[in-house]
Amino acid sequence: MTLFETRDLTCGYGARLVVEAGSLRLEEGGALSIVGMNGAGKSTFMRTLCAQIAPLRGEVLVRGVSVPSLAPGARAKLVAYLPQQQEIDPALTIEELVRLGRTPYVGRFGRLSKTDLSAVSRALDSCALRELANARLGEISGGERQRARLAMVIAGEAPLVLLDEPTTHLDMAQRFALYRTIAELRRERRTAFVIVTHAIADAERFGDSILLIEKGRTSLFGPSMRVAVREALMTSARIPEEWVY
């Protein structure tokens, strides 16, 4: 079943066009990798998908509903977004940060229900943070902090999750753990993911398909097309093959 789609989507700021994204579809439990050089418009595209910025033209739909038309709370229950950079209070503990992922569900008195607490607990376990739950964000490593941010997003249990370069600060073991967590969520909860990455191998490993953004336009590649993506990147950016990892 189609969960997410764009229709004739164009992204940008004011009168400045950044990406002509066109029309895409993503099924429940599906995964789309996005690659492209710095400045290609990947983050602009992601911010448009979660309605942080309005489309210049076209539509973004989740379960047939226009994402920009939704109130923030209702939108957060459908689409979760983890940006590259995010200001976080270093005095918060990991568990306190993860609890913030349940904000759209919290009632008027600001108390988490048993359902909310269960979701927080599952997110901590999914990101292997149970033993660090009481550690403060200002006292842990960059990789641990990144995992805590991911757990916060997972705790919200949105059916569509957007991750902008989530492997930043993660070592090789943590990267594999991240993708294992994503695979489990896709299989068990039918969560769909859109992820921006600079690593072609990660894009192929993660995604059912790969979206290349270059010169304000998009090209969609099927699975196991790493060579085609590498060649497109080298041609558009005029960089040596060994630089495309």
# chains A, B, ... in the order shown; residues from 1 in each chain; ligands from 1

call {"tool": "residues_around", "arguments": {"residues": "stretch 138-155 of chain A", "least_positions_apart": "4", "cutoff": "10 Å", "atoms": "only C-alpha atoms", "output": "NGL selection string"}}
result
:A and (76 or 79-84 or 86 or 88-103 or 116-129 or 132-133 or 159 or 161-163 or 166-171 or 174-175 or 177-178 or 181-182 or 185 or 191)

call {"tool": "closest_residue", "arguments": {"among": "A:Asp202, A:Ser219, A:Ser43, A:Leu17", "to": "A:Met172", "atoms": "only C-alpha atoms"}}
result
A:Asp202

call {"tool": "residues_around", "arguments": {"residues": "A:Lys77", "least_positions_apart": "5", "cutoff": "8 Å", "atoms": "only C-alpha atoms", "output": "list in words"}}
result
Pro104, Gly156, Glu157, Ala158 and Pro159 of chain A

call {"tool": "write_last_selection", "arguments": {"atoms": "N, CA and C atoms", "output": "short mmCIF file (atom, residue, chain, number, x, y, z; two decimals), in the first residue's frame"}}
result
data_model
loop_
_atom_site.label_atom_id
_atom_site.label_comp_id
_atom_site.auth_asym_id
_atom_site.auth_seq_id
_atom_site.Cartn_x
_atom_site.Cartn_y
_atom_site.Cartn_z
N PRO A 104 3.81 14.72 20.51
CA PRO A 104 2.52 14.84 19.81
C PRO A 104 1.38 14.07 20.47
N GLY A 156 8.52 8.33 18.48
CA GLY A 156 7.29 8.93 17.99
C GLY A 156 6.44 7.99 17.16
N GLU A 157 7.03 6.89 16.69
CA GLU A 157 6.31 5.85 15.95
C GLU A 157 5.56 6.38 14.74
N ALA A 158 6.12 7.38 14.08
CA ALA A 158 5.53 7.87 12.83
C ALA A 158 5.71 6.82 11.74
N PRO A 159 4.76 6.67 10.83
CA PRO A 159 4.90 5.67 9.77
C PRO A 159 5.95 6.03 8.73
#

call {"tool": "select_by_dssp", "arguments": {"residues": "stretch 41-187 of chain A", "states": "alpha helix (DSSP H)", "output": "PyMOL selection string"}}
result
chain A and resi 42-49+72-78+94-99+114-126+142-155+172-187

call {"tool": "write_last_selection", "arguments": {"atoms": "C-alpha atoms", "output": "mmCIF file, in the first residue's frame"}}
result
data_model
loop_
_atom_site.group_PDB
_atom_site.id
_atom_site.type_symbol
_atom_site.label_atom_id
_atom_site.label_comp_id
_atom_site.auth_asym_id
_atom_site.auth_seq_id
_atom_site.Cartn_x
_atom_site.Cartn_y
_atom_site.Cartn_z
ATOM 1 C CA LYS A 42 19.111 17.174 -0.544
ATOM 2 C CA SER A 43 18.320 18.911 2.746
ATOM 3 C CA THR A 44 15.945 21.335 1.003
ATOM 4 C CA PHE A 45 14.098 18.353 -0.426
ATOM 5 C CA MET A 46 13.870 16.703 2.996
ATOM 6 C CA ARG A 47 12.653 19.882 4.678
ATOM 7 C CA THR A 48 9.945 20.159 2.032
ATOM 8 C CA LEU A 49 8.801 16.590 2.653
ATOM 9 C CA PRO A 72 1.999 20.437 13.607
ATOM 10 C CA GLY A 73 0.857 17.813 16.115
ATOM 11 C CA ALA A 74 -1.033 15.768 13.536
ATOM 12 C CA ARG A 75 1.863 16.090 11.085
ATOM 13 C CA ALA A 76 4.378 14.819 13.645
ATOM 14 C CA LYS A 77 2.312 11.660 14.105
ATOM 15 C CA LEU A 78 2.733 10.885 10.395
ATOM 16 C CA ILE A 94 19.124 10.456 27.103
ATOM 17 C CA GLU A 95 15.775 9.204 28.371
ATOM 18 C CA GLU A 96 14.453 12.764 28.733
ATOM 19 C CA LEU A 97 15.415 13.461 25.124
ATOM 20 C CA VAL A 98 13.765 10.273 23.881
ATOM 21 C CA ARG A 99 10.603 11.153 25.794
ATOM 22 C CA LYS A 114 1.764 3.793 29.793
ATOM 23 C CA THR A 115 1.648 3.600 26.002
ATOM 24 C CA ASP A 116 4.067 6.524 25.740
ATOM 25 C CA LEU A 117 6.467 5.022 28.273
ATOM 26 C CA SER A 118 6.406 1.696 26.449
ATOM 27 C CA ALA A 119 7.295 3.450 23.193
ATOM 28 C CA VAL A 120 10.191 5.239 24.916
ATOM 29 C CA SER A 121 11.413 1.958 26.368
ATOM 30 C CA ARG A 122 11.326 0.229 22.980
ATOM 31 C CA ALA A 123 13.212 3.111 21.357
ATOM 32 C CA LEU A 124 15.956 2.973 23.991
ATOM 33 C CA ASP A 125 16.322 -0.761 23.429
ATOM 34 C CA SER A 126 16.286 -0.385 19.633
ATOM 35 C CA GLY A 142 29.021 12.227 19.510
ATOM 36 C CA GLY A 143 28.012 8.749 18.378
ATOM 37 C CA GLU A 144 25.983 8.130 21.512
ATOM 38 C CA ARG A 145 24.318 11.511 21.125
ATOM 39 C CA GLN A 146 23.410 10.675 17.517
ATOM 40 C CA ARG A 147 21.884 7.382 18.627
ATOM 41 C CA ALA A 148 19.877 9.255 21.264
ATOM 42 C CA ARG A 149 18.522 11.612 18.606
ATOM 43 C CA LEU A 150 17.538 8.636 16.485
ATOM 44 C CA ALA A 151 15.810 7.008 19.461
ATOM 45 C CA MET A 152 13.805 10.197 19.995
ATOM 46 C CA VAL A 153 12.540 10.000 16.415
ATOM 47 C CA ILE A 154 11.778 6.282 16.692
ATOM 48 C CA ALA A 155 9.806 6.836 19.916
ATOM 49 C CA MET A 172 31.453 1.293 11.514
ATOM 50 C CA ALA A 173 29.856 -0.910 14.167
ATOM 51 C CA GLN A 174 27.330 1.793 15.044
ATOM 52 C CA ARG A 175 26.481 2.311 11.363
ATOM 53 C CA PHE A 176 25.670 -1.376 10.944
ATOM 54 C CA ALA A 177 23.625 -1.272 14.152
ATOM 55 C CA LEU A 178 21.677 1.703 12.776
ATOM 56 C CA TYR A 179 20.816 -0.101 9.564
ATOM 57 C CA ARG A 180 19.894 -3.224 11.504
ATOM 58 C CA THR A 181 17.482 -1.150 13.612
ATOM 59 C CA ILE A 182 15.971 0.367 10.483
ATOM 60 C CA ALA A 183 15.553 -3.066 8.910
ATOM 61 C CA GLU A 184 13.751 -4.309 12.018
ATOM 62 C CA LEU A 185 11.386 -1.323 12.061
ATOM 63 C CA ARG A 186 10.614 -1.809 8.373
ATOM 64 C CA ARG A 187 9.857 -5.470 8.903
#

call {"tool": "select_by_dssp", "arguments": {"residues": "stretch 2-236 of chain A", "states": "strand (DSSP E)", "output": "ChimeraX atom specification"}}
result
/A:2-13,16-27,31-35,57-62,65-66,79-82,160-164,192-196,209-214,217-221

call {"tool": "residues_around", "arguments": {"residues": "A:Val18", "least_positions_apart": "2", "cutoff": "8 Å", "atoms": "only C-alpha atoms", "output": "list in words"}}
result
Thr10, Cys11, Gly12, Tyr13, Arg16, Glu20, Ala40, Gly41, Thr44 and Gly216 of chain A

call {"tool": "residues_around", "arguments": {"residues": "A:Met1", "least_positions_apart": "3", "cutoff": "9 Å", "atoms": "only C-alpha atoms", "output": "PyMOL selection string"}}
result
chain A and resi 26-28
